[in-house]
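Single-structure report; data block below.
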2 protein chains.
Amino acid sequence: MKRKTVLKSGLLVLAASLGLVATSWAAESLQDVMKRRSLSEQDLLAAAKTYVPGGKRDEFIAFSSGGQSGQIMVYGIPSMRILKFIGVFTPEPWQGYGFDEESKAVLNEGRINGKDITWGDTHHPALSETDGKYDGRFLFINDKANPRIAVIDLQDFETKQIVVNPIFRTDHGGAFVSPNTDYIIESAQLPAPLDGKFYPLEEFNDKYRGGVTYWKFDNKAGLIDTKQSFSVELPPYSQDLSDFGKGPSDGWSFTNSFCSERYVGGIEKGRPPYEAGCSASDTDYLHVINWKKAVELFKQGKTKKINGHDVIMMDTAVKEGILYLIPEAKSPHGVDVTPDGKYIVVSGKLDTHVSVYDFSKIMAAIQAGKVESKDPYGIPVLSMKDTLHTQVELGLGPLHTQFDSKPCVAYTSLYVDSQVAKWNYCEGKVLDKISVHYNIGHLMTMEGDSVEPKGHYLVALNKLAIDRFNPVGPLHPQNHQLIDISNDKMTLLTDMPVPLGEPHYTVAISADKLKPAIRYVVGTNSRTLQPSPYGIHAGSEKTERNGNTVEVWGTVIRSHITPETIEAEVGDEVIVHLTNLERAEDETHGFAVSDYNVNMSLEPGKTATAKFKADKEGVYPYYCTEFCSALHLEMEGYLLVKPKGWKATAVKAEAATTYTQDDYKKELKKIADTQGVIDSVVAYITSTNYKDFPDVVAMVDDAFDQAKRGDALKSKHEAAAAKGDWTNATLWAEQVFQYQVKTADLGLRAKTYLDQNGAKKIK
Amino acid sequence: MKRKTVLKSGLLVLAASLGLVATSWAAESLQDVMKRRSLSEQDLLAAAKTYVPGGKRDEFIAFSSGGQSGQIMVYGIPSMRILKFIGVFTPEPWQGYGFDEESKAVLNEGRINGKDITWGDTHHPALSETDGKYDGRFLFINDKANPRIAVIDLQDFETKQIVVNPIFRTDHGGAFVSPNTDYIIESAQLPAPLDGKFYPLEEFNDKYRGGVTYWKFDNKAGLIDTKQSFSVELPPYSQDLSDFGKGPSDGWSFTNSFCSERYVGGIEKGRPPYEAGCSASDTDYLHVINWKKAVELFKQGKTKKINGHDVIMMDTAVKEGILYLIPEAKSPHGVDVTPDGKYIVVSGKLDTHVSVYDFSKIMAAIQAGKVESKDPYGIPVLSMKDTLHTQVELGLGPLHTQFDSKPCVAYTSLYVDSQVAKWNYCEGKVLDKISVHYNIGHLMTMEGDSVEPKGHYLVALNKLAIDRFNPVGPLHPQNHQLIDISNDKMTLLTDMPVPLGEPHYTVAISADKLKPAIRYVVGTNSRTLQPSPYGIHAGSEKTERNGNTVEVWGTVIRSHITPETIEAEVGDEVIVHLTNLERAEDETHGFAVSDYNVNMSLEPGKTATAKFKADKEGVYPYYCTEFCSALHLEMEGYLLVKPKGWKATAVKAEAATTYTQDDYKKELKKIADTQGVIDSVVAYITSTNYKDFPDVVAMVDDAFDQAKRGDALKSKHEAAAAKGDWTNATLWAEQVFQYQVKTADLGLRAKTYLDQNGAKKIK
């Protein structure tokens with residue numbers, strides 16, 4: 001077998017690769033490609049508008065609800081490439097979410113009636129705001145099915161908190177945030193008794209209720225403060241979406257509804273179904289609430305405790321003048337406050353119009369006591385006539401409205417027409433329409449529900465894809481379509497299949513507002529962002545037994561797990577705390593134990609804990625699940641579960657492979673050769689302006705860190721060699737070489753980066 | 001409030017939309033866009049090569065392992081858009097996977113030691129083959145952590161079976177299929193006692209073992225037949241990837257290994273870690289097995305039963321001449337048989353060479369009895385010299401090889417160099433190299449491991465993305481890079497972030513070979529593809545109580561669930577079977593029950609079952625989780641859980657909204673107007689060559705189906721009207737209108753499709 005030293009020949013490859021950078025171009029011309037692929041000029045223009053070259057960045061980052069997947073989907077605009085699914089309500093093993101004890105603590109906050117809920121129906125994400133502008137700090141999302149709100153920290157894109165609504169059975173109108181993220185609104189959807197007890201449907205009007213919850217958000221702690229949160233009781237109209245006022249309407253919130261008929265179905269008993277009974281009247285009710293005054297009432301104790309939660313009851317709300325109703329076209333979906341805070345836009349899916357309410361008119365009517373009627377619960381009803389700014393006929397199935405950076409310009413989705421309408425809400429006229437594919441639900445413009453929409457793009461969240469993509473079986477992807485809104489006419493840019501879940505709403509933020517971390521301080525519990533009590537540094541690894549508990553404080557680093565053996569007896573509880581010692585970006589390690597459903601994701605600096613019962617004797621390998629280095633397959637160890645009371649007999653370890661002085665000498669030669677390669681790479685890098693490239697500086701730091709770890713082992717192989725222990729001398733020398741390989745790997749990666757990013761020679 | 005009949009104005013919109021189809025183009029020229037977005041001509045060419053216009057299809061479909069996510073990721077090439085994540089080893093609620101009883105039965109097959117395993121570490125997918133060619137019928141995938149194999153049926157992209165390996169503790173070298181998919185190979189990775197018992201590490205050489213399992217696949221049943229499956233015991237060398245021979249090498253399989261040193265680590269005890277001890281020798285062993293003869297030995301009963309599973313022991317394998325070893329460069333990853341079946345390509349990650357073994361030379365050595373030595377277990381070792389065709393120096397960290405449609409052309413990933421090498425395995429020379437970003441693991445060409453590779457594209461499965469995408473926190477996406485291999489020089493086309501899990505290997509098939517279904521026969525258990533005993537047709541819905549069990553046989557269709565009320569008592573077991581009656585493509589309904597962790601996905605025709613214990617009194621709404629029509633929010637019902645022994649008192653139902661004769665007349669007018677719109681849409685569609693468009697024909701069928709459902713209710717509202725029951729008359733008439741809306745929705749969608757796909761007027 002021909003054999004050369006690995007890295008010596010590597011240097012030749014390195015040199016050869018220089019010649020490959022300045023390459024000749026492909027034989028096929030642009031015209032050839034367009035012809036072969038049947039692309040029109042319009043297609044090419046759309047391709048040019050959406051293609052993001054390798055290594056370049058998207059302009060906006062979208063956070064999309066994941067529907068029944070219970071997750072959040074993160075993608076870039078305009079490339080529409082999905083960057084991450086974030087585990088929120090559903091356990092997700094890649095992230096270790098719901099597998100390590102730290103994340104289980106978050107999911108356990110979301111238990112209902114003492115039971116795990118292992119999914120969620122995520123609907124409406126909201127980004128945190130400062131003065132009504134997106135600030136890139138937090139993301140909130142509701143679970144409609146098991147009414148809950150989750151908090152995601154955008155420092156690390158991890159879920160930090162789940163709160164269960166104490167009085168609702170479903171929610172839909174959440175999450176939306178107040179202009180300074182003091183409060184997050186969550187409205188009930190399908191009415192049910194607030195106390196959680198059973199009442200027959202015959203008592204629907206009297207015992208079933210809706211409501212809205214105002215969750216207090218502690219911006220400093222990054223957590224919802226449930227004790228400072230409260231709800232307002234509402235009639236059993238199915239409350240739907242909500243929005244907070246801003247600017248002139250700051251202090252008020254708006255929640256619409258459907259089925260204000262309070263119809264109770266029963267198609268199996270020969271009654272018309274809910275869909276008929278809930279859409280027979282022409283109008284439903286928009287709920288208008290003075291939430292700042294509601295906060296005062298809550299602070300004054302004008303609440304009733306229901307399930308330990310403070311609720312402002314309807315009679316109090318009416319008496320204190322914080323709750324009004326306005327008729328709205330039936331079965332509406334979105335209620336959307338314009339960026340200037342002056343108008344509230346509502347569209348009823350079964351009407352062809354969008355209605356624009358004028359906040360100043362609403363205030364004038366309230367101040368004048370101009371009440372049209374009272375609803376069956378005594379809530380004052382303002383008239384549409386008194387409060388409307390305008391109504392605009394848009395088309396069939398208007399559903400949700402978002403705003404442009406251009407004044408007065410709005411976009412509304414038309415579900416039945418499968419179109420987006422662009423219109424002017426000041427002047428009340430239609431400007432443009434575009435077909436989408438098919439049956440659009442929500443739509444989304446860039447920062448389009450903040451006080452400063454950014455224009456450029458619109459995403460149509462279509463509910464049906466049907467024939468738009470290669471078929472993948474009866475369950476289809478959804479279709480998010482990217483539309484260019486920078487010109488007078490909207491133009492379709494691209495179709496994006498959604499491969500997991502049914503997103504309902506999406507929010508998008510300018511990419512430069514996000515500054516996520518790339519590593520944790522070593523020993524961090526990522527779910528609290530506090531130091532973990534179980535975090536340790538290199539050299540402090542230990543395993544302790546206490547009664548029937550075996551507890552391990554270990555570490556992971558390229559490419560070994562310390563410890564490499566864990567011993568337990570059948571029936572023991574095994575607790576493994578692991579800290580990832582890496583500082584290098586993207587050097588995540590995993591930890592999986594065969595057969596015990598154990599899996600962790602350990603990003604650089606993270607400390608996480610696996611806990612399980614060793615309930616069956618046997619030999620269970622564990623290993624790093626991330627391809628973290630050339631020897632990642634060797635990043636392994638054994639959990640030994642011995643029968644109760646097992647005693648070692650005097651078994652001598654069987655002979656493993658042994659090594660000679662010649663082997664040791666070969667190792668030393670290899671180390672010296674490799675050092676030569678490393679030195680040459682270092683010389684190359686330092687001959688450039690590499691310090692102008694922070695990513696390269698980080699790689700160089702990491703390379704030196706790896707090299708140092710190797711250097712530190714030099715004394716070990718030399719000590720073994722001094723004793724004539726050639727096997728240990730060879731193996732420790734091999735380990736030095738392993739660190740050299742990692743050092744060289746980083747050096748080559750840094751060199752590639754410099755070559756491809758126009759580094760200059762400086763010496 | 002201005003109000004017009006919904007669909008009357010819809011017609012105006014319809015007419016207006018005709019003017020919007022022939023639109024003027026955006027103000028920005030291609031040159032403007034390139035300048036604004038800093039795109040080079042090369043970027044534009046790459047954009048043109050990867051952009052797939054909306055509604056058009058990708059050329060190839062890739063099935064990628066999802067790593068620790070436990071799922072399969074499906075994406076299109078060249079667009080790199082992800083089409084679907086398929087739930088395999090991890091429960092996934094969007095698909096109802098692990099939530100309905102039918103899919104739980106599949107996941108339960110994967111239980112180990114009586115415990116649920118709620119994740120998997122998927123590594124190597126394999127597509128079914130006929131005569132060595134991909135046939136688009138099935139997909140197989142292994143779970144490395146809890147050694148299992150799953151079977152996915154590509155009729156509906158659902159997981160149908162999970163089998164647990166009865167003797168291994170981890171696997172890595174699976175799944176790979178024989179040329180006619182008779183067998184699927186799964187090899188052990190980290191050695192452990194085959195009987196599952198504990199033995200101390202001191203007895204590693206004697207008691208710990210590796211092996212390969214040959215799972216018999218029943219192509220007709222679409223299932224693995226565990227009783228016809230068997231394993232071959234192998235030494236405790238960590239077996240790695242495998243491949244089946246084909247053509248001249250058909251009948252043989254190849255499995256490589258690492259750590260043939262049989263090193264046992266223990267860094268916590270001051271021993272060199274596994275990574276040093278497992279990479280100290282220059283070579284590991286390629287295992288060469290005559291699997292067709294092994295099948296005969298199995299059939300002859302020359303096996304030992306271990307945990308009830310048939311194992312051909314090493315001594316038998318040696319004696320019968322079915323097992324040989326050949327040295328291979330240390331720590332290899334892929335072992336890849338060339339499309340013509342003549343050569344076996346292996347590369348050791350710590351060597352710079354790729355080794356090409358010649359199958360005919362292997363056979364010649366075996367036939368000549370030319371054995372170099374025996375390993376410690378008595379297995380004959382053939383020499384590299386006798387069996388090698390050539391070795392080619394490619395660079396640092398060669399890992400996995402795939403093949404081109406051009407004869408003798410192969411591509412090998414270089415992990416440490418972060419490059420792909422293109423080379424000629426017949427002549428043994430390097431042809432080209434390209435840098436990737438960063439640290440590539442596997443790579444994949446189109447049908448590149450079949451007997452007929454398709455060329456065109458190569459995907460580099462890079463393990464680190466580092467700086468290539470917008471940052472999303474410490475846990476980065478992986479990076480799949482698409483490379484154009486149609487010319488002499490490889491060119492990078494695009495970077496694709498992987499948003500979930502760490503794919504290890506991917507396979508891609510020509511899109512036209514896949515013919516998935518878009519609906520099930522009504523009443524199908526999708527996990528068995530057999531009629532469900534619980535499937536029912538419209539009108540047969542019922543609810544029965546048996547002891548403490550409440551069992552519901554229900555249906556879902558736009559937009560109601562039958563029944564709309566389910567009544568139970570605290571402590572009852574509730575079983576809900578639902579059948580989706582839809583025939584329309586993409587008309588999936590969901591079923592979620594508040595607080596009870598119940599969630600189902602019901603694609604057209606599917607019957608699925610939810611089972612749960614109603615353990616707390618209360619009122620629990622249920623609803624359809626899919627946005628299935630304009631009134632999807634009204635697709636709801638109530639689960640009423642009464643206290644034990646609760647008796648209804650004589651509560652009279654409270655007054656709901658009632659309707660008058662005028663309301664009924666308004667409904668009739670609305671129905672008549674809407675019918676006019678529908679008629680005009682029908683006239684438009686039938687004036688074209690719509691029958692040339694199968695998708696439109698399907699929409700028209702669906703529209704008529706919806707219309708018929710409405711027509712069938714005419715007698716209901718007329719009967720109520722005859723009795724002067726204006727409320728029921730109005731509501732049933734409203735329900736007729738709801739069906740009309742759905743009819744019109746389909747008509748409009750069909751019209752849009754015709755407009756955009758060049759339908760011609762024929763009358």
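Ordering of the structure tokens sets the chain letters (A, B, ...), residue numbers begin anew at 1 in every chain, and ligands are numbered from 1 in the order given.
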Report task. Check region 46-184 of chain B with DSSP on the backbone and list each residue it calls strand (DSSP E), as a ChimeraX atom specification. Result -> /B:60-65,71-77,82-87,126-130,133-143,148-153,158-164,171-177,183-184
I need the residues of region 304-442 of chain A that end up classed as helix (DSSP H, G or I) by DSSP on the backbone, written out as a short mmCIF file (atom, residue, chain, number, x, y, z; two decimals) with N, CA and C atoms, in the first residue's frame.
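out_33.cif, freshly written:
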```cif
data_model
loop_
_atom_site.label_atom_id
_atom_site.label_comp_id
_atom_site.auth_asym_id
_atom_site.auth_seq_id
_atom_site.Cartn_x
_atom_site.Cartn_y
_atom_site.Cartn_z
N MET A 314 -67.40 41.35 33.35
CA MET A 314 -68.06 42.22 32.38
C MET A 314 -68.78 43.38 33.04
N ASP A 315 -69.49 43.10 34.12
CA ASP A 315 -70.25 44.21 34.73
C ASP A 315 -69.30 45.31 35.22
N THR A 316 -68.17 44.93 35.77
CA THR A 316 -67.18 45.93 36.18
C THR A 316 -66.65 46.69 34.97
N ALA A 317 -66.34 45.93 33.91
CA ALA A 317 -65.79 46.56 32.69
C ALA A 317 -66.78 47.57 32.12
N VAL A 318 -68.06 47.21 32.13
CA VAL A 318 -69.08 48.12 31.60
C VAL A 318 -69.20 49.34 32.51
N LYS A 319 -69.28 49.06 33.81
CA LYS A 319 -69.46 50.16 34.78
C LYS A 319 -68.29 51.14 34.73
N PHE A 359 -60.20 55.67 14.78
CA PHE A 359 -60.09 55.65 16.23
C PHE A 359 -60.62 56.95 16.85
N SER A 360 -60.37 58.09 16.17
CA SER A 360 -60.85 59.36 16.75
C SER A 360 -62.38 59.40 16.78
N LYS A 361 -63.01 58.78 15.78
CA LYS A 361 -64.47 58.73 15.79
C LYS A 361 -64.99 57.82 16.91
N ILE A 362 -64.25 56.72 17.12
CA ILE A 362 -64.64 55.82 18.22
C ILE A 362 -64.58 56.59 19.54
N MET A 363 -63.49 57.34 19.73
CA MET A 363 -63.35 58.10 20.98
C MET A 363 -64.44 59.16 21.10
N ALA A 364 -64.73 59.80 19.95
CA ALA A 364 -65.76 60.85 19.98
C ALA A 364 -67.11 60.27 20.37
N ALA A 365 -67.43 59.09 19.80
CA ALA A 365 -68.71 58.46 20.11
C ALA A 365 -68.78 58.09 21.59
N ILE A 366 -67.65 57.55 22.10
CA ILE A 366 -67.64 57.17 23.52
C ILE A 366 -67.81 58.41 24.40
N GLN A 367 -67.02 59.43 24.06
CA GLN A 367 -67.10 60.64 24.90
C GLN A 367 -68.48 61.28 24.83
N MET A 384 -71.70 51.47 13.57
CA MET A 384 -70.71 51.46 12.47
C MET A 384 -70.64 52.84 11.84
N LYS A 385 -71.82 53.42 11.63
CA LYS A 385 -71.92 54.72 10.97
C LYS A 385 -71.07 55.77 11.71
N ASP A 386 -71.17 55.76 13.03
CA ASP A 386 -70.44 56.76 13.81
C ASP A 386 -68.93 56.53 13.84
N THR A 387 -68.52 55.33 13.58
CA THR A 387 -67.11 55.00 13.83
C THR A 387 -66.31 54.66 12.56
#
```
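Neighbouring residues of Glu541 (chain B) at 10 Å or closer, counting only C-alpha atoms and skipping chain neighbours under 3 positions away, are Glu268 of chain A; Gly535, Ile536, His537, Ala538, Val552, Trp553, Gly554, Thr555, Thr562, Pro563, His577, Leu578 and Thr579 of chain B.
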Query raised in the report: Near Gln675 (chain A), counting only C-alpha atoms, which residues have an atom at most 10 Å away, once you skip same-chain residues fewer than 3 positions from it, shown as a ChimeraX atom specification?
Result: /A:7-8,669-672,678-681,707,737,740-741,743-744
Query raised in the report: Between A:Pro643, A:Gly758, A:Gly98, A:Gly618, which one has atoms that come closest to Asp692 (chain A), using only C-alpha atoms?
Result: A:Gly758
